[in-house]
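> Structure provided below as structure tokens; questions to follow.
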Amino acid sequence: MRPPTDSRAAWLCEEVLLVRERDTDRIVPVPASSARAGAEEGLTDLATFLREGAAGWDAGTRTRLLDHLASLGASLGLSPGLGEGLRQAREVLRERHPLAGPGRGVAVKRLHRIDERSFYARGRCWDRQAPIVALAAVTPEGERVELWDSVSQLGEGAFAGRFETAFPTCASEGWVFEARSEGGSVEAPAAVMPDPLRTLFADVALDPTGVTGLCEGHLHPALSRLAELRRGTGIEELFAVGDAPRAPAVSIVVPLLRRVDLIEHQLAQFAVDPELADCELVYVVAEPDQAEPARELATELYGLYGLPLRLAALTGPGDLPLACERGAALARAPRLLFLGSDVLPDRPGWVGALAAALDADPVLAAVAPKLLFADGAIDQAGLEWEQAAASGERRLRARLRGMRRELAAAEEARELEAASLACLLLDAAAYEAAGGLRGDYGLAGYEGSDLARRLAAAGRGLAYVPTAELFRLEGLGAEPERLAEPYARWLHGRRWAGELAEAIA
Amino acid sequence: MAKRVLQVCHNHPRVRPGGAEVYAHELHRHLRRDSEWEPTFLARSGPPHSPAGAPHEGTRISPVEGVADEYMLYPEDHDFDWMFGTMRRRKDLYTEDLRRFLLALRPDVVHFQHTLFVGYDAIREVRRTLPGVPILYTLHEFLPICHNKGQMVRTFDRSLCEEASPRRCAECFPGIAADEFLLRQRFIRAQLDLVDLFIAPSATVRERFAEWGIPRERILLEDYGRVPAPPAATARPAPHDVLGIFGQVNPYKGVDVLLRALQALGPEAPPLRLHGANLDLQEHSFRNEICALLASTPNVTDAGAYPPERAGEMMAAVDWVVVPSIWWENSPLVIQEAFAAGRPVICSDVGGMAEKVHDGANGLHFRVGDPESLAAAIRRATTAPGLWGRLREGIPPVHSMAEHATAITAAYESLLASRAAEAVA
């Protein structure tokens with residue numbers, strides 16, 4: 001018997017009143033706007049109301065109420081007040097389990113938000129006596145999502161996978177993961193962590209052969225969704241200083257990530273190169289919080305160097321390919337040059353050397369220079385595909401990396417299979433016709449290779465120009481290539497496997 | 001109308017005396033007094049070297065009190081980037097304060113004596129604001145080449161460095177990527193490429209900068225000039241066994257090498273007069289090392305720092321001046337002072353020291369950084385009959401400030417003539 005009480009209602013949030021019906025004892029949410037007069041009779045706080053009202057309910061009934069309440073976020077919009085009310089409700093109604101049992105446990109190493117209703121989790125659940133039969137994620141707002149049949153099971157209880165909630169959830173703290181076996185249930189708290197890309201790229205290595213479908217079924221959809229979200233990011237031109245040429249021959253687009261101070265180092269080199277007078281210089285800040293420091297610095301540097309430049313910033317978080325892509329949309333010249341902010345010319349004349357090569361052969365749509373390490377060794381003389389002797393994997397690698405810059409093979413102009421975006425001069429019309437950059441590889445080399453393939457499909461070529469030499473200073477804080485490489489390789493293979501096999505054969 | 005030259009220096013001797021700034025200021029005063037040029041001296045000041053910052057709101061340049069042709073520049077010292085030799089954020093130091101100053105002064109020639117704490121960008125500002133004005137730059141050490149205080153000495157074992165490269169520099173500074181050193185080199189070169197003529201006080205420095213990429217024909221070899229010292233340089237009676245060491249006490253000056261050499265000589269060790277400065281500014285471990293060596297070396301008199309104007313008087317009290325630096329040195333002023341005082345020099349056998357002191361002619365060399373070798377040189381100096389007098393006879397006349405100023409102003413004139421010819425063409 002439920003103890004007699006006068007508590008009949010409580011506010012879930014400003015917009016919703018929870019009322020216990022006198023006849024049925026059911027708890028129903030009532031919009032504040034349609035709450036009947038007298039509905040507030042017996043009003044109490046939410047926790048007391050739920051404890052009294054749901055006391056004696058079985059776990060299933062409480063779970064159904066929780067699900068019902070969680071659905072309010074979808075119909076009403078998940079306001080901070082509603083979110084807080086739902087979190088309180090969940091704490092009262094949720095069936096609690098021990099954090100660990102004898103030989104049993106669950107742990108979540110990574111939990112990332114992909115968008116407001118999709119997430120990626122990696123962890124492990126185990127029971128030494130009996131197999132795990134269920135795994136569920138409980139959102140801070142109380143929605144329960146069953147995972148065990150959908151995530152990739154990686155052996156010894158390890159799991160990883162993307163999942164979706166039916167209703168929006170926005171809190172980072174307060175997640176619970178529950179695992180169940182015949183021996184009982186256990187639970188573990190979890191919180192959403194930042195930087196999903198790092199985890200998603202790294203997790204490709206968890207299933208190198210694709211046997212569990214982790215990449216195809218989870219990582220790729222998650223990464224594609226993140227890329228899609230990035231593509232929604234726009235660009236805003238912050239200012240243009242100086243008298244840029246009315247009809248520039250080349251638009252140089254430089255994406256800036258993290259180190260906006262590199263503008264100064266490039267300008268110090270450009271200032272001594274007369275060819276830059278015919279170029280339009282467009283810097284694109286890829287991180288919105290760097291826009292203001294970049295604007296201040298660029299203003300000061302214009303005062304000192306007097307080089308006309310345009311500064312733009314992405315309106316939301318982005319990456320280098322996106323900054324290139326958006327910057328290209330601002331460019332006015334018939335030639336488009338992507339240049340990494342960590343790339344410095346060895347000497348003046350490099351733009352002319354690249355442009356002359358492009359002009360000389362109408363079939364060419366793109367040309368790439370010789371890129372050097374700080375010690376003068378070759379970083380890349382273009383990119384090429386190779387098949388690993390042991391694994392048979394096809395991977396993109398830097399051509400002639402580590403060799404002396406004067407090597408005969410490095411002094412010969414030639415066609416290329418691919419080139420990175422570190423320095424790439426393009427026929428702007430061909431670039432646009434090819435559809436620009438995909439923006440989902442996470443690695444500039446693979447973006448460049450994909451672009452080269454699409455240009456090739458349109459009958460246009462890519463060539464290496466050894467007389468243009470620039471330093472590429474990867475040690476200036478750029479993301480290590482190895483992190484994104486496995487996914488980029490997988491994705492490129494997924495798109496171009498047949499043609500690549502043909503090319504290597 | 002007299003032509004105007006602006007000298008820019010990293011410090012004013014009034015704030016803190018140091019070799020380069022003392023020399024630069026003497027040149028400035030000589031030009032004021034004895035040339036047809038109208039000189040102006042702009043020296044960096046402010047914390048931490050001077051307690052006071054810019055005295056006037058709205059400008060970072062102010063006159064030196066009571067002096068008609070000298071100014072102080074007050075950059076924010078915390079904004080100075082040692083790695084790149086530039087102001088990190090406050091570029092308006094150049095584009096506003098320095099630009100206004102240049103436009104107000106309108107010098108015919110700008111001569112950078114040093115850009116430490118000022119920034120290499122000041123060169124660019126001069127070129128941008130006064131495009132036709134010749135720019136000179138005196139090379140006082142290897143700072144543009146070497147991040148280790150311009151010494152070209154490896155950080156991990158204090159051995160001499162023959163060549164800077166991004167990879168080698170990163171070995172000296174493991175926390176800094178080689179790529180940063182390429183960036184440093186390129187940035188500094190981009191600014192120095194705007195200089196019309198470099199002044200190298202020694203062939204050692206000229207060759208090193210030529211190897212670094214500055215065209216040799218743009219480097220004028222011209223030693224520092226000295227204002228004549230008062231006539232205190234008299235001969236001393238035998239025995240000629242009193243040693244003197246003069247100047248800064250820091251890890252590169254080799255004071256420790258000399259003290260170890262004296263310890264190696266044991267009871268034979270001759271007396272040493274130590275005129276050292278700035279030990280208090282050194283790192284704790286080095287200070288402790290020197291203090292321990294001083295305490296355990298007999299016959300050393302700590303005679304205190306020497307004001308440059310009293311160098312002759314103080315050197316007259318010793319027979320030999322020892323210059324045991326473990327870095328290359330440029331053209332050590334102390335060697336000129338010793339020669340002006342008629343004292344032979346015992347010095348390390350490298351760089352500017354070996355260039356200025358000829359072994360067996362006006363001094364003795366020993367193997368750099370080697371106390372045993374220095375001990376042998378001291379033993380020979382203090383015991384070989386007639387050696388002191390013979391070496392004293394071999395001392396060359398000191399390059400005077402008057403001769404030096406003539407050479408420097410001739411360079412100014414030559415650059416102006418070239419500019420005029422270019423304008424006509």
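Ordering of the structure tokens sets the chain letters (A, B, ...), residue numbers begin anew at 1 in every chain, and ligands are numbered from 1 in the order given.
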Near B:Leu197, counting only C-alpha atoms, which residues have an atom at most 8 Å away, once you skip same-chain residues fewer than 3 positions from it, shown as a PyMOL selection string?
chain B and resi 135-137+218-220
> Stretch 62-71 of chain B: which residues within 8 Å, counting only C-alpha atoms, same-chain residues fewer than 5 positions away excluded, as number ranges by chain?
B: 39-43, 54-56
> Nearest residue to B:His25 out of B:Leu102, B:Leu6, B:Ala338, B:Ala277, using only C-alpha atoms?
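Going through B:Leu102, B:Leu6, B:Ala338, B:Ala277 one by one, the smallest distance to B:His25 is for B:Leu6.
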> Going by DSSP on the backbone, which residues of stretch 9-175 of chain B come out as strand (DSSP E or B)? List them as a PyMOL selection string.
chain B and resi 9+38-44+61-63+70-73+80-81+86-87+109-112+135-138+153+160
> Can you pull out every residue within 12 Å of stretch 65-81 of chain A, counting only C-alpha atoms, but drop anything in the same chain fewer than 6 positions away, and send it as a ChimeraX atom specification?
/A:11-18,26-32,50,53-54,57-59,87-95,116-117,138-145,165-171
> Kindly determine which residues of chain A lie within 7 Å of chain B, considering only C-alpha atoms, and give the answer as a list in words.
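Taking only C-alpha atoms into account, His265, Ala268, Gln269, Leu297, Glu300, Gly303, Leu304, Ala374, Asp375, Leu473, Gly475 and Leu476 of chain A sit within 7 Å of chain B.
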> Please produce a file of the residues just selected, as a PDB file, in the first residue's frame, where the atoms kept are N, CA and C atoms.

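Writing the result to selection34.pdb gives the following:
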ATOM      1  N   HIS A 265      56.274  35.052 -40.720  1.00  0.00           N
ATOM      2  CA  HIS A 265      57.426  34.412 -41.348  1.00  0.00           C
ATOM      3  C   HIS A 265      57.249  34.297 -42.854  1.00  0.00           C
ATOM      4  N   ALA A 268      57.736  37.810 -44.396  1.00  0.00           N
ATOM      5  CA  ALA A 268      59.149  38.202 -44.457  1.00  0.00           C
ATOM      6  C   ALA A 268      59.797  37.648 -45.730  1.00  0.00           C
ATOM      7  N   GLN A 269      59.343  36.477 -46.167  1.00  0.00           N
ATOM      8  CA  GLN A 269      59.891  35.895 -47.402  1.00  0.00           C
ATOM      9  C   GLN A 269      59.214  36.482 -48.641  1.00  0.00           C
ATOM     10  N   LEU A 297      47.374  40.813 -35.599  1.00  0.00           N
ATOM     11  CA  LEU A 297      48.730  40.596 -36.114  1.00  0.00           C
ATOM     12  C   LEU A 297      48.827  41.024 -37.578  1.00  0.00           C
ATOM     13  N   GLU A 300      49.103  44.742 -37.946  1.00  0.00           N
ATOM     14  CA  GLU A 300      50.441  45.234 -37.599  1.00  0.00           C
ATOM     15  C   GLU A 300      51.442  44.880 -38.698  1.00  0.00           C
ATOM     16  N   GLY A 303      51.380  47.044 -41.687  1.00  0.00           N
ATOM     17  CA  GLY A 303      52.095  48.298 -41.440  1.00  0.00           C
ATOM     18  C   GLY A 303      53.585  48.166 -41.663  1.00  0.00           C
ATOM     19  N   LEU A 304      54.118  46.996 -41.358  1.00  0.00           N
ATOM     20  CA  LEU A 304      55.563  46.799 -41.444  1.00  0.00           C
ATOM     21  C   LEU A 304      56.011  46.319 -42.820  1.00  0.00           C
ATOM     22  N   ALA A 374      63.763  20.960 -43.096  1.00  0.00           N
ATOM     23  CA  ALA A 374      64.593  22.083 -42.640  1.00  0.00           C
ATOM     24  C   ALA A 374      66.070  21.858 -42.946  1.00  0.00           C
ATOM     25  N   ASP A 375      66.508  20.594 -42.980  1.00  0.00           N
ATOM     26  CA  ASP A 375      67.925  20.345 -43.230  1.00  0.00           C
ATOM     27  C   ASP A 375      68.242  20.254 -44.717  1.00  0.00           C
ATOM     28  N   LEU A 473      57.674  22.820 -42.995  1.00  0.00           N
ATOM     29  CA  LEU A 473      58.162  22.662 -41.627  1.00  0.00           C
ATOM     30  C   LEU A 473      57.114  21.982 -40.760  1.00  0.00           C
ATOM     31  N   GLY A 475      57.417  20.300 -38.230  1.00  0.00           N
ATOM     32  CA  GLY A 475      57.678  20.304 -36.789  1.00  0.00           C
ATOM     33  C   GLY A 475      57.071  21.489 -36.074  1.00  0.00           C
ATOM     34  N   LEU A 476      56.326  22.325 -36.779  1.00  0.00           N
ATOM     35  CA  LEU A 476      55.773  23.524 -36.162  1.00  0.00           C
ATOM     36  C   LEU A 476      54.406  23.263 -35.556  1.00  0.00           C
TER      37      LEU A 476
END
> With a distance cut-off of 10 Å and only C-alpha atoms, select the neighbouring residues of A:Ala356, excluding the residue or stretch itself and same-chain residues fewer than 6 positions from it, and output the selection as a short mmCIF file (atom, residue, chain, number, x, y, z; two decimals) with N, CA and C atoms, in the first residue's frame.

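So the final result, stored in out20.cif, reads:
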data_model
loop_
_atom_site.label_atom_id
_atom_site.label_comp_id
_atom_site.auth_asym_id
_atom_site.auth_seq_id
_atom_site.Cartn_x
_atom_site.Cartn_y
_atom_site.Cartn_z
N TRP A 350 59.45 31.06 -57.15
CA TRP A 350 58.76 29.77 -57.09
C TRP A 350 57.37 29.83 -57.71
N VAL A 367 50.00 21.58 -60.52
CA VAL A 367 51.43 21.31 -60.42
C VAL A 367 51.86 21.46 -58.96
N VAL A 465 57.14 19.94 -60.41
CA VAL A 465 58.01 21.00 -60.94
C VAL A 465 59.23 21.13 -60.01
#
> Would you kindly return, as number ranges by chain, each protein, DNA or RNA residue with an atom no farther than 8 Å from any atom of A:Leu470, considering only C-alpha atoms and excluding same-chain residues fewer than 6 positions away?
A: 343-347, 350, 369-372
